[in-house]
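**Q** Can you keep this structure in mind? I'll have questions shortly.
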Amino acid sequence: MDTKYLYINTIGCQMNHYDSDQIAAVLRPLEYQMTPLMEMADLIIVNTCAIREKAEQKVFSFLGRLADIKRSKPDLLIGVGGCVAQQEGAGIMERMGHVDLVFGTSAISRLPRLIEQIESERCQVIDVDMSEGIDEFDFVGNESDNGEVTRFVTIMQGCDNFCSYCVVPYVRGRETSRESGKIINEIRTLVKAGVREVTLLGQNVNSYGKKEGLLTFSRLLELVNEVDGLLRIKFTTSHPKDLSKDLMFAFKDLEKLCKHIHLPVQSGSNRVLEMMNRKYTRELYLEKVKKLRTICPEIAITSDIIVGFPGETKHDFEQTLELIKEVRFDGLFAFKYSDRPNVTATRLPEKISEQEKRERLKEVLDLQDYYTTQANEALVGSEEKILVEGYSKKQKVVDLHGGRQNFQWTGRTSTNKIVNFVQGDGGISGDEIMAGRLVSIRIMKAFSHSLWGEPVKATNIPLGLRGEKTHVA
């Protein structure tokens with residue numbers, strides 16, 4: 001068979017990026033090879049996000065641009081997957097007649113059959129049937145060496161919380177956990193391919209395994225911590241109502257678990273939290289933050305905020321600002337509320353004007369920039385252990401030593417802060433700094449969203465064997 005080229009445009013969350021890896025893997029037996037060049041593609045897939053209106057708008061804007069490409073290249077196949085595909089189904093083809101395939105969040109394992117049908121019959125196909133559980137064929141191991149240091153690993157899908165603003169239970173289905181053995185095997189496969197850090201994914205990782213009577217999430221982390229060759233573990237997302245003391249102690253006890261937690265609060269007002277159906281109070285959230293910092297003082301805490309939720313008064317918004325000031329988050333993702341299909345918040349009265357939402361969003365972001373900058377400046381002069389991810393995206397030659405170019409590298413601290421640096425002098429040999437290595441960096445400058453440092457020394461334990469101390473002391 002001749003090689004065909006696949007281009008994937010991934011829009012949205014980490015789960016979508018993970019799914020895109022699986023899409024590429026299941027199509028490999030059909031001789032589809034990934035390409036970064038859209039003009040080379042024989043098959044273009046857009047993997048979509050429906051969590052916010054803006055993300056959905058991106059999807060249809062991208063599909064609109066593909067119409068001209070399809071006219072000049074009639075054999076090109078165009079597919080739409082992910083949450084918008086699950087949500088809209090046939091409506092996508094009604095709106096975008098040049099689309100050949102619409103497949104839902106449970107259809108990745110069926111994708112090869114669907115593509116073969118379109119190739120042989122030159123027809124349009126829709127498959128948005130939901131699966132009862134997780135089809136493990138979705139999680140295809142990939143032992144090819146593509147140079148990636150960090151990868152996502154899904155440990156569960158769907159959600160049972162039904163927050164009043166969220167479409168996830170409707171487009172991803174009900175909460176289902178994967179078996180721990182299959183998760184561990186996938187991580188071992190990734191490590192063999194050179195991956196040194198995994199981020200475990202779930203809409204609410206804290207409830208992993210509860211429905212199925214599997215391991216607790218903290219116990220799963222212990223098993224991942226034992227994987228030889230792995231250097232670091234991250235996870236997202238934690239729901240505050242299910243954050244257990246066992247998980248809090250994992251940050252202290254597990255040497256490979258990064259000292260960072262993303263703990264979405266969404267609002268600082270109990271009245272709004274109740275309307276959101278978040279099932280915790282402001283007081284409970286603050287209590288859990290206090291316990292986390294008592295158990296693991298160096299932990300970095302980031303969060304999500306939604307501004308302009310229906311009925312959010314100025315007093316409610318001020319309570320959110322006060323919570324930000326009290327917690328002093330290391331970072332924050334803030335969004336304007338937007339109505340989404342099927343969710344109960346759409347039917348709530350007292351919608352907030354777009355102008356008011358924009359003003360509230362700016363106030364939240366400006367306030368958080370102050371605390372993020374403070375947290376970064378506090379690290380100046382410290383020595384941090386960085387997992388080198390590769391060359392900086394803003395790569396440029398910054399110095400010349402004897403005709404040798406000295407490139408800019410990038411990596412992250414255990415607290416998930418971006419650090420950029422060049423090799424420089426300092427007794428560091430060229431083979432000590434490379435993607436996948438842990439390197440000690442002295443932080444020299446702090447910026448609003450990153451740090452700048454100089455290498456001190458490379459770790460002499462690069463392979464993440466059991467018992468290593470790989471986190472920042």
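In the structure tokens, each chain is lettered A, B, ... as it comes, each chain's residues begin at 1, and ligands are numbered from 1 in order of appearance.
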Per residue of stretch 63-97 of chain A within 12 Å of stretch 9-30 of chain A, record the nearest atom pair and its distance in Å to one decimal, counting only C-alpha atoms, with rows in chain order and ascending residue number, as CSV.
**A**
```
residue,atom,partner,partner_atom,distance
A:Leu63,CA,A:Asn9,CA,10.5
A:Leu66,CA,A:Asn9,CA,11.8
A:Ile78,CA,A:Asn9,CA,11.2
A:Gly79,CA,A:Asn9,CA,10.4
A:Val80,CA,A:Asn9,CA,9.7
A:Gly81,CA,A:Ser20,CA,9.4
A:Gly82,CA,A:Asn16,CA,7.1
A:Cys83,CA,A:Asn16,CA,8.9
A:Val84,CA,A:Ile11,CA,10.4
```
**Q** For stretch 340-457 of chain A versus stretch 40-60 of chain A, which residues have an atom no more than 12 Å away, and what is each residue's nearest atom pair and distance in Å rounded to one decimal, using only C-alpha atoms, chain-then-number order, as JSON lines?
**A**
```
{"residue": "A:Arg340", "atom": "CA", "partner": "A:Glu53", "partner_atom": "CA", "distance": 7.0}
{"residue": "A:Pro341", "atom": "CA", "partner": "A:Ala50", "partner_atom": "CA", "distance": 9.1}
{"residue": "A:Asn342", "atom": "CA", "partner": "A:Ala50", "partner_atom": "CA", "distance": 11.6}
{"residue": "A:Val343", "atom": "CA", "partner": "A:Ile51", "partner_atom": "CA", "distance": 10.9}
```
**Q** Can you write just those residues out, N, CA and C atoms, as a PDB file, in the first residue's frame?
**A**
```
ATOM      1  N   ARG A 340     -24.057  26.616  26.983  1.00  0.00           N
ATOM      2  CA  ARG A 340     -23.737  25.444  26.194  1.00  0.00           C
ATOM      3  C   ARG A 340     -24.973  24.580  26.051  1.00  0.00           C
ATOM      4  N   PRO A 341     -25.090  23.806  24.963  1.00  0.00           N
ATOM      5  CA  PRO A 341     -26.275  22.983  24.743  1.00  0.00           C
ATOM      6  C   PRO A 341     -26.469  21.950  25.863  1.00  0.00           C
ATOM      7  N   ASN A 342     -27.703  21.715  26.218  1.00  0.00           N
ATOM      8  CA  ASN A 342     -28.142  20.655  27.147  1.00  0.00           C
ATOM      9  C   ASN A 342     -27.940  20.971  28.619  1.00  0.00           C
ATOM     10  N   VAL A 343     -27.025  21.867  28.990  1.00  0.00           N
ATOM     11  CA  VAL A 343     -26.711  22.059  30.402  1.00  0.00           C
ATOM     12  C   VAL A 343     -27.779  22.922  31.075  1.00  0.00           C
TER      13      VAL A 343
END
```
**Q** Any idea what's packed within 6 Å of stretch 118-126 of chain A, counting only C-alpha atoms, ignoring anything in its chain fewer than 4 positions away? Could you give it as a list in words?
**A**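 In the requested format, the answer is Asp100, Leu101, Val102 and Phe103 of chain A.
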**Q** Just to be explicit: take each residue in the selection above, keep N, CA, C and O atoms, and write the result as a CSV table (one decimal), in the first residue's frame.
**A**
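Written output follows (again-v2.csv):
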```
chain,number,residue,atom,x,y,z
A,100,ASP,N,-16.6,14.6,5.2
A,100,ASP,CA,-16.8,13.2,4.8
A,100,ASP,C,-17.2,12.3,6.0
A,100,ASP,O,-17.9,11.3,5.9
A,101,LEU,N,-16.7,12.7,7.2
A,101,LEU,CA,-16.9,11.8,8.4
A,101,LEU,C,-17.1,12.6,9.6
A,101,LEU,O,-16.4,13.6,9.9
A,102,VAL,N,-18.1,12.2,10.4
A,102,VAL,CA,-18.3,12.8,11.7
A,102,VAL,C,-18.3,11.6,12.7
A,102,VAL,O,-19.1,10.7,12.5
A,103,PHE,N,-17.3,11.6,13.6
A,103,PHE,CA,-17.3,10.5,14.6
A,103,PHE,C,-17.2,11.0,16.0
A,103,PHE,O,-16.5,12.0,16.3
```
**Q** Which residues of stretch 242-355 of chain A have any atom within 10 Å of an atom in stretch 195-204 of chain A when counting only C-alpha atoms, and what is the closest pair of atoms for each, with the distance in Å to one decimal? Order the rows by chain and rising number and write it as a Markdown table.
**A**
```
| residue | atom | partner | partner_atom | distance |
| --- | --- | --- | --- | --- |
| A:Asp242 | CA | A:Asn204 | CA | 8.3 |
| A:Leu243 | CA | A:Asn204 | CA | 9.7 |
| A:Lys256 | CA | A:Glu197 | CA | 9.1 |
| A:Leu257 | CA | A:Glu197 | CA | 9.8 |
| A:Cys258 | CA | A:Glu197 | CA | 9.8 |
```
**Q** So which residues touch A:Lys210 within 12 Å, counting only C-alpha atoms, skipping near sequence neighbours fewer than 2 positions away, as number ranges by chain?
**A** A: 156, 160, 175-179, 204-208, 212-218, 242
**Q** Report the distance between atom CA of A:Leu367 and atom CA of A:Leu348 in Å, rounded to one decimal place.
**A**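 Separation between atom CA of A:Leu367 and atom CA of A:Leu348: 28.4 Å.
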**Q** Determine which residues of stretch 73-313 of chain A DSSP labels as strand (DSSP E or B) from the backbone of this structure, then write them out as an MDAnalysis selection string.
**A** chainID A and resid 77:82 101:103 125:127 150:154 156:157 176:177 197:201 232:236 257 260:262 266 300:307
**Q** Calculated over only C-alpha atoms, which of the candidates A:Arg65, A:Lys211, A:Lys351, A:His315 has the smallest distance to A:Lys336?
**A**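 Going through A:Arg65, A:Lys211, A:Lys351, A:His315 one by one, the smallest distance to A:Lys336 is for A:Lys351.
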**Q** Given the choices A:His239, A:Arg232, A:Arg271, A:Lys279, which gets closest to A:Leu254 if the distance is worked out from only C-alpha atoms?
**A**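 Under the stated criterion, the closest residue is A:Arg232.
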**Q** If we count only C-alpha atoms, what is near stretch 261-265 of chain A at a cut-off of 9 Å, once residues fewer than 5 positions away on the same chain are taken out, given as a VMD selection string?
**A** chain A and resid 234 to 240 273 278 282 285 299 to 306 332 to 333 415
**Q** Which residue out of A:Glu356, A:Gly331, A:Ser414, A:Gln266 has the minimum interatomic distance to A:Glu298 when only C-alpha atoms are used?
**A** A:Ser414
**Q** What is the atom CA of A:Gly453 to atom CA of A:Val289 distance in Å?
**A**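 Separating atom CA of A:Gly453 from atom CA of A:Val289 is a distance of 29.4 Å.
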**Q** Please identify all polymer residues within 10 Å of A:Val380, counting only C-alpha atoms, omitting same-chain residues fewer than 2 positions from it, and present them as a CSV table (one decimal) with all heavy atoms, in the first residue's frame.
**A**
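Saved file around14.csv follows:
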```csv
chain,number,residue,atom,x,y,z
A,375,ALA,N,5.0,34.9,42.9
A,375,ALA,CA,5.5,33.5,43.1
A,375,ALA,C,6.7,33.2,42.3
A,375,ALA,O,7.7,32.5,42.8
A,375,ALA,CB,4.4,32.6,42.7
A,376,ASN,N,6.8,33.8,41.1
A,376,ASN,CA,8.0,33.6,40.3
A,376,ASN,C,9.2,34.3,40.8
A,376,ASN,O,10.3,33.8,40.9
A,376,ASN,CB,7.7,34.0,38.8
A,376,ASN,CG,6.8,33.1,38.1
A,376,ASN,OD1,6.6,31.9,38.5
A,376,ASN,ND2,6.3,33.5,36.9
A,377,GLU,N,9.0,35.5,41.3
A,377,GLU,CA,10.1,36.3,41.8
A,377,GLU,C,10.7,35.7,43.1
A,377,GLU,O,11.9,35.8,43.3
A,377,GLU,CB,9.6,37.8,42.1
A,377,GLU,CG,9.4,38.6,40.8
A,377,GLU,CD,8.9,40.0,41.1
A,377,GLU,OE1,8.4,40.2,42.2
A,377,GLU,OE2,8.9,40.8,40.2
A,378,ALA,N,9.9,35.0,43.8
A,378,ALA,CA,10.3,34.3,45.0
A,378,ALA,C,11.4,33.2,44.8
A,378,ALA,O,12.1,32.8,45.7
A,378,ALA,CB,9.2,33.8,45.8
A,382,SER,N,17.2,30.7,43.7
A,382,SER,CA,17.1,29.3,44.2
A,382,SER,C,17.6,28.4,43.1
A,382,SER,O,17.8,28.8,41.9
A,382,SER,CB,15.6,29.0,44.5
A,382,SER,OG,14.9,29.0,43.3
A,383,GLU,N,17.9,27.2,43.5
A,383,GLU,CA,18.4,26.2,42.5
A,383,GLU,C,17.2,25.2,42.4
A,383,GLU,O,16.8,24.5,43.3
A,383,GLU,CB,19.6,25.5,43.1
A,383,GLU,CG,20.3,24.5,42.1
A,383,GLU,CD,21.6,23.9,42.7
A,383,GLU,OE1,22.4,24.7,43.2
A,383,GLU,OE2,21.7,22.7,42.6
A,384,GLU,N,16.7,25.0,41.1
A,384,GLU,CA,15.6,24.2,40.8
A,384,GLU,C,16.0,23.1,39.9
A,384,GLU,O,16.8,23.3,39.0
A,384,GLU,CB,14.5,25.0,40.2
A,384,GLU,CG,14.0,26.2,41.0
A,384,GLU,CD,13.2,25.8,42.3
A,384,GLU,OE1,12.5,24.8,42.2
A,384,GLU,OE2,13.4,26.4,43.3
A,442,ARG,N,20.0,27.4,38.3
A,442,ARG,CA,19.9,28.5,39.2
A,442,ARG,C,19.0,29.6,38.6
A,442,ARG,O,19.3,30.1,37.5
A,442,ARG,CB,21.2,29.1,39.6
A,442,ARG,CG,21.1,30.2,40.6
A,442,ARG,CD,22.5,30.6,41.2
A,442,ARG,NE,23.0,29.5,42.1
A,442,ARG,CZ,24.0,28.7,41.8
A,442,ARG,NH1,24.6,28.9,40.6
A,442,ARG,NH2,24.5,27.8,42.6
A,443,ILE,N,17.9,30.0,39.2
A,443,ILE,CA,17.0,30.9,38.7
A,443,ILE,C,17.6,32.3,38.8
A,443,ILE,O,17.9,32.8,39.9
A,443,ILE,CB,15.6,30.9,39.4
A,443,ILE,CG1,15.1,29.4,39.3
A,443,ILE,CG2,14.6,31.8,38.7
A,443,ILE,CD1,14.9,28.9,37.9
A,444,MET,N,17.7,33.0,37.7
A,444,MET,CA,18.3,34.3,37.6
A,444,MET,C,17.3,35.5,37.4
A,444,MET,O,17.5,36.6,37.9
A,444,MET,CB,19.4,34.4,36.5
A,444,MET,CG,20.4,33.2,36.5
A,444,MET,SD,21.3,33.2,38.1
A,444,MET,CE,22.3,34.7,37.9
A,445,LYS,N,16.3,35.2,36.7
A,445,LYS,CA,15.3,36.3,36.4
A,445,LYS,C,13.9,35.6,36.4
A,445,LYS,O,13.7,34.5,36.1
A,445,LYS,CB,15.5,36.9,35.0
A,445,LYS,CG,16.8,37.6,34.8
A,445,LYS,CD,16.9,38.2,33.4
A,445,LYS,CE,18.3,38.9,33.2
A,445,LYS,NZ,18.4,39.4,31.8
A,446,ALA,N,12.9,36.5,36.8
A,446,ALA,CA,11.5,36.1,36.8
A,446,ALA,C,10.7,37.0,35.9
A,446,ALA,O,10.9,38.2,35.9
A,446,ALA,CB,11.0,36.1,38.3
A,451,LEU,N,10.4,31.7,33.8
A,451,LEU,CA,11.7,32.0,34.6
A,451,LEU,C,12.9,31.8,33.6
A,451,LEU,O,12.8,31.1,32.6
A,451,LEU,CB,11.8,31.0,35.7
A,451,LEU,CG,10.7,31.1,36.8
A,451,LEU,CD1,10.8,29.8,37.7
A,451,LEU,CD2,10.7,32.3,37.6
A,452,TRP,N,14.0,32.5,34.0
A,452,TRP,CA,15.2,32.4,33.2
A,452,TRP,C,16.3,31.9,34.2
A,452,TRP,O,16.4,32.5,35.3
A,452,TRP,CB,15.6,33.7,32.6
A,452,TRP,CG,16.9,33.6,31.8
A,452,TRP,CD1,18.2,33.9,32.2
A,452,TRP,CD2,17.0,33.1,30.5
A,452,TRP,NE1,19.1,33.6,31.3
A,452,TRP,CE2,18.4,33.2,30.1
A,452,TRP,CE3,16.1,32.7,29.5
A,452,TRP,CZ2,18.9,32.8,28.9
A,452,TRP,CZ3,16.7,32.3,28.2
A,452,TRP,CH2,18.0,32.3,28.0
A,453,GLY,N,17.1,30.9,33.8
A,453,GLY,CA,18.1,30.5,34.7
A,453,GLY,C,19.4,30.1,34.0
A,453,GLY,O,19.5,30.1,32.7
```
**Q** Taking only C-alpha atoms into account, name the residue in A:Gln86, A:Glu274, A:Met248, A:Gly436 that is nearest to A:Val167.
**A**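 Checking each candidate against A:Val167, we get A:Gln86 as the closest.
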**Q** Considering only C-alpha atoms, state which residue in the set A:Gln33, A:Ser131, A:Gln87, A:Ser450 is at the smallest distance from A:Thr373.
**A**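 The closest residue to A:Thr373 is A:Ser450.
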